[in-house]
>>> print(open('coords28.pdb').read())   # PDB, C-alpha atoms and all ligand atoms
ATOM      1  CA  MET X   1      -9.233   4.903 -18.221
ATOM      2  CA  LYS X   2     -12.492   3.834 -19.895
ATOM      3  CA  ILE X   3     -13.246   5.580 -23.168
ATOM      4  CA  PHE X   4     -16.710   6.932 -24.012
ATOM      5  CA  GLU X   5     -18.666   5.116 -26.738
ATOM      6  CA  THR X   6     -19.229   8.313 -28.734
ATOM      7  CA  ILE X   7     -16.958  11.128 -29.803
ATOM      8  CA  SER X   8     -17.403  14.556 -31.395
ATOM      9  CA  PHE X   9     -14.646  15.325 -33.858
ATOM     10  CA  HIS X  10     -14.393  19.057 -34.565
ATOM     11  CA  ILE X  11     -12.552  18.670 -37.854
ATOM     12  CA  VAL X  12     -12.452  22.346 -38.853
ATOM     13  CA  LYS X  13     -12.275  25.672 -37.059
ATOM     14  CA  PRO X  14     -13.976  27.989 -39.615
ATOM     15  CA  CYS X  15     -17.714  28.523 -39.758
ATOM     16  CA  ASN X  16     -19.895  30.591 -42.084
ATOM     17  CA  MET X  17     -22.049  31.676 -39.133
ATOM     18  CA  SER X  18     -21.134  33.505 -35.951
ATOM     19  CA  CYS X  19     -23.508  32.409 -33.193
ATOM     20  CA  LYS X  20     -22.679  34.440 -30.118
ATOM     21  CA  PHE X  21     -22.919  31.472 -27.738
ATOM     22  CA  CYS X  22     -20.703  29.196 -29.869
ATOM     23  CA  TYR X  23     -18.625  26.909 -27.615
ATOM     24  CA  ALA X  24     -16.364  25.862 -30.479
ATOM     25  CA  THR X  25     -14.839  29.020 -31.957
ATOM     26  CA  PHE X  26     -11.292  27.853 -31.072
ATOM     27  CA  GLU X  27     -10.277  31.487 -30.688
ATOM     28  CA  ASP X  28      -7.767  30.280 -28.086
ATOM     29  CA  PHE X  29      -5.691  28.526 -30.775
ATOM     30  CA  THR X  30      -2.163  29.775 -31.225
ATOM     31  CA  VAL X  31      -1.624  27.667 -34.358
ATOM     32  CA  ASN X  32      -3.716  27.829 -37.511
ATOM     33  CA  LYS X  33      -3.605  24.470 -39.198
ATOM     34  CA  GLN X  34      -6.050  22.079 -40.794
ATOM     35  CA  LEU X  35      -5.710  18.316 -40.374
ATOM     36  CA  SER X  36      -5.029  16.384 -43.577
ATOM     37  CA  TYR X  37      -7.128  13.431 -44.693
ATOM     38  CA  THR X  38      -4.292  11.077 -43.679
ATOM     39  CA  GLU X  39      -4.024  12.595 -40.195
ATOM     40  CA  ILE X  40      -7.774  12.250 -39.665
ATOM     41  CA  VAL X  41      -7.620   8.614 -40.782
ATOM     42  CA  ILE X  42      -4.847   7.923 -38.235
ATOM     43  CA  ILE X  43      -6.974   9.446 -35.469
ATOM     44  CA  LEU X  44     -10.132   7.586 -36.510
ATOM     45  CA  ASP X  45      -8.241   4.274 -36.576
ATOM     46  CA  LYS X  46      -6.918   4.867 -33.056
ATOM     47  CA  LEU X  47     -10.309   5.848 -31.661
ATOM     48  CA  ARG X  48     -12.040   2.852 -33.238
ATOM     49  CA  GLU X  49      -9.391   0.481 -31.876
ATOM     50  CA  ALA X  50      -9.875   2.074 -28.442
ATOM     51  CA  GLY X  51     -13.577   1.161 -28.537
ATOM     52  CA  VAL X  52     -15.361   4.317 -29.726
ATOM     53  CA  GLU X  53     -18.516   3.275 -31.610
ATOM     54  CA  LYS X  54     -20.044   6.497 -32.914
ATOM     55  CA  VAL X  55     -18.349   9.557 -34.361
ATOM     56  CA  THR X  56     -20.016  12.927 -34.937
ATOM     57  CA  PHE X  57     -18.195  15.345 -37.211
ATOM     58  CA  ALA X  58     -18.590  18.924 -36.052
ATOM     59  CA  GLY X  59     -16.745  22.204 -36.435
ATOM     60  CA  GLY X  60     -16.876  25.131 -36.924
ATOM     61  CA  GLU X  61     -18.982  23.987 -39.841
ATOM     62  CA  PRO X  62     -17.879  20.447 -40.806
ATOM     63  CA  MET X  63     -19.100  20.811 -44.386
ATOM     64  CA  LEU X  64     -16.333  23.372 -44.925
ATOM     65  CA  TYR X  65     -13.846  20.481 -44.726
ATOM     66  CA  LYS X  66     -13.354  19.670 -48.415
ATOM     67  CA  LYS X  67     -12.888  15.917 -47.989
ATOM     68  CA  LEU X  68     -15.713  15.425 -45.490
ATOM     69  CA  ASP X  69     -17.421  12.872 -47.743
ATOM     70  CA  LEU X  70     -14.232  10.763 -47.906
ATOM     71  CA  ILE X  71     -13.743  11.030 -44.139
ATOM     72  CA  ILE X  72     -17.310   9.893 -43.421
ATOM     73  CA  THR X  73     -16.939   7.042 -45.915
ATOM     74  CA  TYR X  74     -13.748   5.882 -44.197
ATOM     75  CA  ALA X  75     -15.289   6.152 -40.717
ATOM     76  CA  LYS X  76     -18.219   3.999 -41.826
ATOM     77  CA  TYR X  77     -15.853   1.502 -43.485
ATOM     78  CA  ILE X  78     -13.984   0.880 -40.209
ATOM     79  CA  GLY X  79     -17.223   0.317 -38.318
ATOM     80  CA  PHE X  80     -18.281   3.635 -36.801
ATOM     81  CA  THR X  81     -21.863   4.787 -36.664
ATOM     82  CA  THR X  82     -21.457   8.131 -38.434
ATOM     83  CA  SER X  83     -23.044  11.491 -37.795
ATOM     84  CA  ILE X  84     -22.584  15.173 -38.544
ATOM     85  CA  ILE X  85     -23.801  18.269 -36.748
ATOM     86  CA  THR X  86     -24.185  21.106 -39.216
ATOM     87  CA  ASN X  87     -25.818  24.514 -39.468
ATOM     88  CA  GLY X  88     -27.457  23.214 -42.651
ATOM     89  CA  SER X  89     -26.263  25.920 -45.068
ATOM     90  CA  PHE X  90     -24.409  23.553 -47.380
ATOM     91  CA  LEU X  91     -26.694  20.499 -47.389
ATOM     92  CA  THR X  92     -27.838  19.706 -50.907
ATOM     93  CA  SER X  93     -29.906  16.983 -52.463
ATOM     94  CA  ARG X  94     -26.867  15.821 -54.419
ATOM     95  CA  TRP X  95     -24.682  15.518 -51.297
ATOM     96  CA  LEU X  96     -27.374  13.748 -49.276
ATOM     97  CA  SER X  97     -27.945  11.296 -52.097
ATOM     98  CA  SER X  98     -24.212  10.558 -52.396
ATOM     99  CA  MET X  99     -23.813   9.885 -48.644
ATOM    100  CA  LYS X 100     -26.585   7.295 -48.308
ATOM    101  CA  GLY X 101     -25.271   4.126 -46.675
ATOM    102  CA  LYS X 102     -22.205   5.996 -45.369
ATOM    103  CA  LEU X 103     -23.714   8.650 -43.130
ATOM    104  CA  ASP X 104     -26.226   7.468 -40.512
ATOM    105  CA  TRP X 105     -27.277  10.610 -38.633
ATOM    106  CA  ILE X 106     -27.681  14.251 -39.555
ATOM    107  CA  GLY X 107     -27.901  16.782 -36.768
ATOM    108  CA  ILE X 108     -28.957  20.326 -37.594
ATOM    109  CA  SER X 109     -28.881  23.357 -35.336
ATOM    110  CA  VAL X 110     -32.191  25.173 -35.082
ATOM    111  CA  ASP X 111     -32.536  27.872 -32.434
ATOM    112  CA  SER X 112     -35.393  29.862 -33.888
ATOM    113  CA  LEU X 113     -37.785  29.947 -36.833
ATOM    114  CA  ASN X 114     -37.753  33.738 -36.780
ATOM    115  CA  SER X 115     -35.225  35.488 -39.036
ATOM    116  CA  GLU X 116     -34.890  38.541 -36.791
ATOM    117  CA  THR X 117     -34.123  36.306 -33.807
ATOM    118  CA  ASN X 118     -31.567  34.338 -35.804
ATOM    119  CA  LYS X 119     -29.900  37.620 -36.793
ATOM    120  CA  LYS X 120     -29.638  38.666 -33.142
ATOM    121  CA  ILE X 121     -28.133  35.276 -32.248
ATOM    122  CA  GLY X 122     -25.661  35.414 -35.153
ATOM    123  CA  ARG X 123     -27.129  32.255 -36.701
ATOM    124  CA  VAL X 124     -27.004  33.733 -40.199
ATOM    125  CA  SER X 125     -24.582  33.583 -43.082
ATOM    126  CA  ASN X 126     -24.190  35.514 -46.292
ATOM    127  CA  ARG X 127     -25.881  32.636 -48.086
ATOM    128  CA  GLU X 128     -29.607  32.392 -48.697
ATOM    129  CA  GLU X 129     -31.696  32.448 -45.511
ATOM    130  CA  LEU X 130     -32.422  28.911 -44.321
ATOM    131  CA  ASP X 131     -35.958  27.575 -44.514
ATOM    132  CA  TYR X 132     -35.848  24.961 -41.745
ATOM    133  CA  PHE X 133     -39.096  23.284 -42.849
ATOM    134  CA  ALA X 134     -37.671  22.767 -46.348
ATOM    135  CA  LEU X 135     -34.386  21.589 -44.836
ATOM    136  CA  VAL X 136     -35.964  18.831 -42.727
ATOM    137  CA  ASP X 137     -38.142  17.838 -45.713
ATOM    138  CA  LEU X 138     -34.977  17.452 -47.776
ATOM    139  CA  ILE X 139     -33.182  15.379 -45.110
ATOM    140  CA  ASN X 140     -36.253  13.213 -44.501
ATOM    141  CA  SER X 141     -36.668  12.560 -48.218
ATOM    142  CA  TYR X 142     -33.409  10.556 -47.963
ATOM    143  CA  GLN X 143     -34.510   8.869 -44.727
ATOM    144  CA  TYR X 144     -31.534   9.859 -42.572
ATOM    145  CA  LYS X 145     -31.883   9.667 -38.809
ATOM    146  CA  LEU X 146     -32.442  13.256 -37.763
ATOM    147  CA  LYS X 147     -31.339  15.104 -34.649
ATOM    148  CA  ILE X 148     -32.032  18.760 -33.874
ATOM    149  CA  ASN X 149     -29.929  20.869 -31.526
ATOM    150  CA  THR X 150     -31.287  24.036 -29.914
ATOM    151  CA  VAL X 151     -29.376  26.396 -27.647
ATOM    152  CA  VAL X 152     -31.697  28.365 -25.381
ATOM    153  CA  ASN X 153     -30.486  31.936 -25.129
ATOM    154  CA  ILE X 154     -31.736  35.439 -24.344
ATOM    155  CA  HIS X 155     -33.202  35.850 -27.846
ATOM    156  CA  ASN X 156     -35.159  32.586 -28.283
ATOM    157  CA  GLN X 157     -35.974  31.748 -24.656
ATOM    158  CA  LYS X 158     -39.675  32.575 -25.055
ATOM    159  CA  GLU X 159     -40.169  30.536 -28.243
ATOM    160  CA  TYR X 160     -42.354  27.491 -28.792
ATOM    161  CA  LEU X 161     -40.644  25.080 -31.179
ATOM    162  CA  THR X 162     -42.553  21.881 -30.400
ATOM    163  CA  ASP X 163     -44.776  22.055 -33.502
ATOM    164  CA  PHE X 164     -41.669  22.298 -35.664
ATOM    165  CA  ILE X 165     -40.083  19.337 -33.847
ATOM    166  CA  ASN X 166     -43.246  17.295 -34.500
ATOM    167  CA  TYR X 167     -43.139  18.317 -38.161
ATOM    168  CA  SER X 168     -39.455  17.387 -38.443
ATOM    169  CA  ARG X 169     -39.956  13.847 -37.064
ATOM    170  CA  ALA X 170     -36.550  14.168 -35.377
ATOM    171  CA  SER X 171     -35.514  11.157 -33.282
ATOM    172  CA  ARG X 172     -33.670  13.380 -30.808
ATOM    173  CA  TRP X 173     -34.087  17.031 -29.863
ATOM    174  CA  LYS X 174     -31.183  18.202 -27.776
ATOM    175  CA  VAL X 175     -31.888  21.367 -25.830
ATOM    176  CA  PHE X 176     -28.842  23.080 -24.346
ATOM    177  CA  ASP X 177     -28.429  25.926 -21.921
ATOM    178  CA  THR X 178     -25.920  28.639 -22.906
ATOM    179  CA  LEU X 179     -22.556  27.570 -21.537
ATOM    180  CA  PRO X 180     -19.807  30.124 -20.855
ATOM    181  CA  VAL X 181     -16.409  28.869 -22.032
ATOM    182  CA  LYS X 182     -13.393  31.116 -21.609
ATOM    183  CA  GLY X 183     -11.526  31.589 -24.872
ATOM    184  CA  GLN X 184     -14.572  30.520 -26.918
ATOM    185  CA  ASN X 185     -17.544  32.780 -26.203
ATOM    186  CA  ASP X 186     -16.686  34.824 -23.091
ATOM    187  CA  LYS X 187     -16.393  38.152 -24.954
ATOM    188  CA  GLN X 188     -20.091  38.178 -25.812
ATOM    189  CA  PHE X 189     -21.487  35.733 -23.248
ATOM    190  CA  GLU X 190     -23.481  38.155 -21.066
ATOM    191  CA  GLU X 191     -25.187  39.437 -24.213
ATOM    192  CA  ILE X 192     -26.618  35.999 -25.021
ATOM    193  CA  ARG X 193     -27.093  34.344 -21.623
ATOM    194  CA  SER X 194     -30.474  32.652 -21.099
ATOM    195  CA  THR X 195     -32.413  33.385 -17.918
ATOM    196  CA  GLU X 196     -35.424  31.178 -18.604
ATOM    197  CA  PHE X 197     -33.964  27.807 -19.516
ATOM    198  CA  ASP X 198     -36.282  25.800 -17.232
ATOM    199  CA  GLN X 199     -39.379  27.611 -18.511
ATOM    200  CA  PHE X 200     -38.326  26.931 -22.109
ATOM    201  CA  VAL X 201     -37.970  23.218 -21.315
ATOM    202  CA  ALA X 202     -41.350  23.065 -19.529
ATOM    203  CA  ARG X 203     -43.134  24.983 -22.295
ATOM    204  CA  ASN X 204     -41.607  22.916 -25.126
ATOM    205  CA  ASN X 205     -41.737  19.522 -23.423
ATOM    206  CA  HIS X 206     -41.516  16.773 -26.049
ATOM    207  CA  PHE X 207     -40.869  13.009 -25.924
ATOM    208  CA  SER X 208     -37.714  13.366 -28.057
ATOM    209  CA  MET X 209     -36.220  16.129 -25.903
ATOM    210  CA  VAL X 210     -32.851  15.527 -24.246
ATOM    211  CA  VAL X 211     -32.131  18.387 -21.856
ATOM    212  CA  GLU X 212     -28.563  19.468 -21.186
ATOM    213  CA  THR X 213     -27.936  21.881 -18.358
ATOM    214  CA  ASN X 214     -24.527  23.526 -18.013
ATOM    215  CA  ASP X 215     -23.625  21.006 -15.334
ATOM    216  CA  LEU X 216     -24.453  18.051 -17.594
ATOM    217  CA  MET X 217     -22.489  19.567 -20.495
ATOM    218  CA  THR X 218     -19.310  19.820 -18.438
ATOM    219  CA  GLY X 219     -16.851  16.940 -18.686
ATOM    220  CA  SER X 220     -19.460  14.674 -20.273
ATOM    221  CA  TYR X 221     -18.269  14.768 -23.898
ATOM    222  CA  LEU X 222     -15.256  13.126 -25.482
ATOM    223  CA  LEU X 223     -14.064  15.730 -27.984
ATOM    224  CA  VAL X 224     -11.327  16.061 -30.601
ATOM    225  CA  ASP X 225     -10.245  19.531 -31.748
ATOM    226  CA  PRO X 226      -9.262  20.694 -35.280
ATOM    227  CA  LEU X 227      -5.593  20.042 -34.412
ATOM    228  CA  GLY X 228      -6.255  16.411 -33.466
ATOM    229  CA  ARG X 229      -6.129  16.714 -29.664
ATOM    230  CA  LEU X 230      -8.642  15.506 -27.088
ATOM    231  CA  PHE X 231     -10.170  18.345 -25.108
ATOM    232  CA  GLU X 232     -12.656  19.003 -22.311
ATOM    233  CA  ASN X 233     -14.206  21.928 -20.469
ATOM    234  CA  THR X 234     -14.293  21.068 -16.757
ATOM    235  CA  GLN X 235     -12.189  24.124 -15.825
ATOM    236  CA  GLY X 236     -14.485  26.627 -17.604
ATOM    237  CA  GLU X 237     -12.138  26.708 -20.594
ATOM    238  CA  HIS X 238     -10.778  24.120 -22.980
ATOM    239  CA  THR X 239      -8.012  21.867 -21.714
ATOM    240  CA  TYR X 240      -6.202  20.113 -24.557
ATOM    241  CA  SER X 241      -4.213  16.875 -24.569
ATOM    242  CA  SER X 242      -1.227  16.131 -26.775
ATOM    243  CA  SER X 243      -1.954  15.263 -30.393
ATOM    244  CA  LEU X 244      -3.626  11.923 -31.082
ATOM    245  CA  ILE X 245      -1.569  11.690 -34.269
ATOM    246  CA  ASN X 246       1.686  11.063 -32.398
ATOM    247  CA  ASN X 247       0.399   9.737 -29.076
ATOM    248  CA  SER X 248      -1.790   6.877 -27.902
ATOM    249  CA  VAL X 249      -5.430   7.406 -26.997
ATOM    250  CA  GLU X 250      -4.619   6.204 -23.477
ATOM    251  CA  ASP X 251      -1.875   8.822 -23.020
ATOM    252  CA  CYS X 252      -4.116  11.602 -24.344
ATOM    253  CA  LEU X 253      -7.016  10.475 -22.125
ATOM    254  CA  SER X 254      -4.756  10.620 -19.065
ATOM    255  CA  GLN X 255      -4.199  14.349 -19.740
ATOM    256  CA  ILE X 256      -7.867  15.381 -19.547
ATOM    257  CA  THR X 257     -10.785  14.993 -17.117
ATOM    258  CA  LEU X 258     -13.920  13.149 -18.182
ATOM    259  CA  ARG X 259     -16.920  12.230 -16.041
ATOM    260  CA  GLU X 260     -18.462   8.964 -17.182
ATOM    261  CA  SER X 261     -21.423   9.267 -14.811
ATOM    262  CA  LYS X 262     -22.362  12.559 -16.487
ATOM    263  CA  PHE X 263     -21.966  11.019 -19.959
ATOM    264  CA  ILE X 264     -24.598   8.457 -18.955
ATOM    265  CA  GLU X 265     -26.747  11.008 -17.078
ATOM    266  CA  ARG X 266     -26.942  13.282 -20.127
ATOM    267  CA  GLY X 267     -28.231  10.344 -22.221
ATOM    268  CA  GLY X 268     -24.918   9.742 -23.997
ATOM    269  CA  ILE X 269     -25.882   6.118 -24.587
ATOM    270  CA  TYR X 270     -28.962   5.579 -26.738
ATOM    271  CA  LYS X 271     -30.038   3.398 -29.643
ATOM    272  CA  TRP X 272     -27.932   4.712 -32.500
TER
HETATM  273  S1  LIG R 301     -23.121  27.348 -36.631
HETATM  274 FE1  LIG R 301     -22.293  26.069 -34.969
HETATM  275  S2  LIG R 301     -20.074  26.177 -35.208
HETATM  276 FE2  LIG R 301     -20.946  27.854 -36.424
HETATM  277  S3  LIG R 301     -20.889  29.631 -35.061
HETATM  278 FE3  LIG R 301     -22.906  28.657 -34.848
HETATM  279  S4  LIG R 301     -22.699  27.248 -33.097
HETATM  280 FE4  LIG R 301     -20.611  27.788 -33.778
END
>>> encode(input="coords28.pdb", output="structure tokens", more="lines below")
Ligand code: SF4
Amino acid sequence: MKIFETISFHIVKPCNMSCKFCYATFEDFTVNKQLSYTEIVIILDKLREAGVEKVTFAGGEPMLYKKLDLIITYAKYIGFTTSIITNGSFLTSRWLSSMKGKLDWIGISVDSLNSETNKKIGRVSNREELDYFALVDLINSYQYKLKINTVVNIHNQKEYLTDFINYSRASRWKVFDTLPVKGQNDKQFEEIRSTEFDQFVARNNHFSMVVETNDLMTGSYLLVDPLGRLFENTQGEHTYSSSLINNSVEDCLSQITLRESKFIERGGIYKW
């Protein structure tokens, strides 16, 4: 089986936010464990040898993994293009400065510029409220490649974010529909479901926009969970392989369903 060129590695389960649409809560886990640095290195080595070129560290919130900087440094050392997708709460000038030359891309999640809307979504933490303009200024001051992710949902579906995207100078703006995933967000899904996804896309049309409908999001991502297993969502819930720590990538791939045509259709290959 051919492996995708990019992978999202969800290295931790916990998050300091509680977005109601979150597809990666891992509430279906029966084991609570965190991968060690050594286990992550084993997995990264296997994926690189199998031909994966770009790794995105996600979560939960990846910055809650204490050795994230060492993991990114190792991934870069063995030849990956490196990326994180974060809610932005923990990004500091000091951290960004220390990761230069090791981390290539920073993806931040921005659903709304309105604090009341973010509260309704659950995109809030007990930390200081995020100023997204200041956040992109900070990231751009270190000249990282910037990606912004937005999930269109019942609370932000009428928003116009294009001026902010212009301001941010993001290379990619990924706009997702709300995707129901059993065991992840089904308890609160109806509460957050978007009804105006197409109108949002038409209203916010931007050259950097990459649109992901629910169909395109299904089976089109190569994903690793916080226990070190491949997983996918073609059955409306997560299906997990055996652990990559003790098994070959090929064996794990044979246990899940991936759709390469959708990976390409959703713009999975681009100049990274
Ligand atoms: S910030 Fe990301 S990982 Fe955390 S709850 Fe929201 S969508 Fe999920």
>>> residues_around(input="coords28.pdb", residues="X:Leu70", least_positions_apart="6", cutoff="12 Å", atoms="all atoms listed in the file", output="list in words")
Ser36, Tyr37, Thr38, Ile40, Val41, Met63, Lys76, Tyr77, Trp95, Ser98, Met99, Lys102 and Leu103 of chain X
>>> closest_residue(input="coords28.pdb", among="X:Asp225, X:Glu27, X:Asp163, X:Glu61", to="ligand LIG 301 (chain R)", atoms="only C-alpha atoms and all ligand atoms")
X:Glu61
>>> residues_near_ligand(input="coords28.pdb", ligand="ligand LIG 301 (chain R)", cutoff="10 Å", atoms="all atoms listed in the file", output="MDAnalysis selection string")
chainID X and resid 10 12:26 58:62 85:89 108:111 121:125 149:151 184:185
>>> resolve_selection(input="coords28.pdb", expression="the PyMOL selection byres (((chain X and resi 47-55) around 9) and not hetatm)", output="list in words")
Ile3, Phe4, Glu5, Thr6, Ile7, Ser8, Phe9, Ile42, Ile43, Leu44, Asp45, Lys46, Thr56, Phe57, Ala75, Ile78, Gly79, Phe80, Thr81, Thr82, Ser83, Ile84, Val249, Glu250 and Trp272 of chain X
>>> closest_residue(input="coords28.pdb", among="X:Val175, X:Val224, X:Leu135, X:Ile245", to="X:His206", atoms="all atoms listed in the file")
X:Val175
>>> atom_distance(input="coords28.pdb", atom1="atom CA of X:Ser115", atom2="atom CA of X:Leu161")
14.1 Å
>>> atom_distance(input="coords28.pdb", atom1="atom CA of X:Asp215", atom2="atom CA of X:Tyr132")
29.4 Å
>>> resolve_selection(input="coords28.pdb", expression="the PyMOL selection byres (((chain X and resi 171) around 6) and not hetatm)", output="PDB file with C-alpha atoms, in the frame of the given file")
ATOM      1  CA  LEU X 146     -32.442  13.256 -37.763  1.00  0.00           C
ATOM      2  CA  LYS X 147     -31.339  15.104 -34.649  1.00  0.00           C
ATOM      3  CA  ALA X 170     -36.550  14.168 -35.377  1.00  0.00           C
ATOM      4  CA  ARG X 172     -33.670  13.380 -30.808  1.00  0.00           C
TER       5      ARG X 172
END
>>> closest_residue(input="coords28.pdb", among="X:Thr213, X:Leu68, X:Gln255, X:Glu116", to="X:Leu230", atoms="only C-alpha atoms")
X:Gln255
>>> atom_distance(input="coords28.pdb", atom1="atom CA of X:Asp69", atom2="atom CA of X:Ser141")
19.3 Å
>>> closest_residue(input="coords28.pdb", among="X:Phe29, X:Tyr221, X:Phe164, X:Phe90", to="X:Arg127", atoms="all atoms listed in the file")
X:Phe90
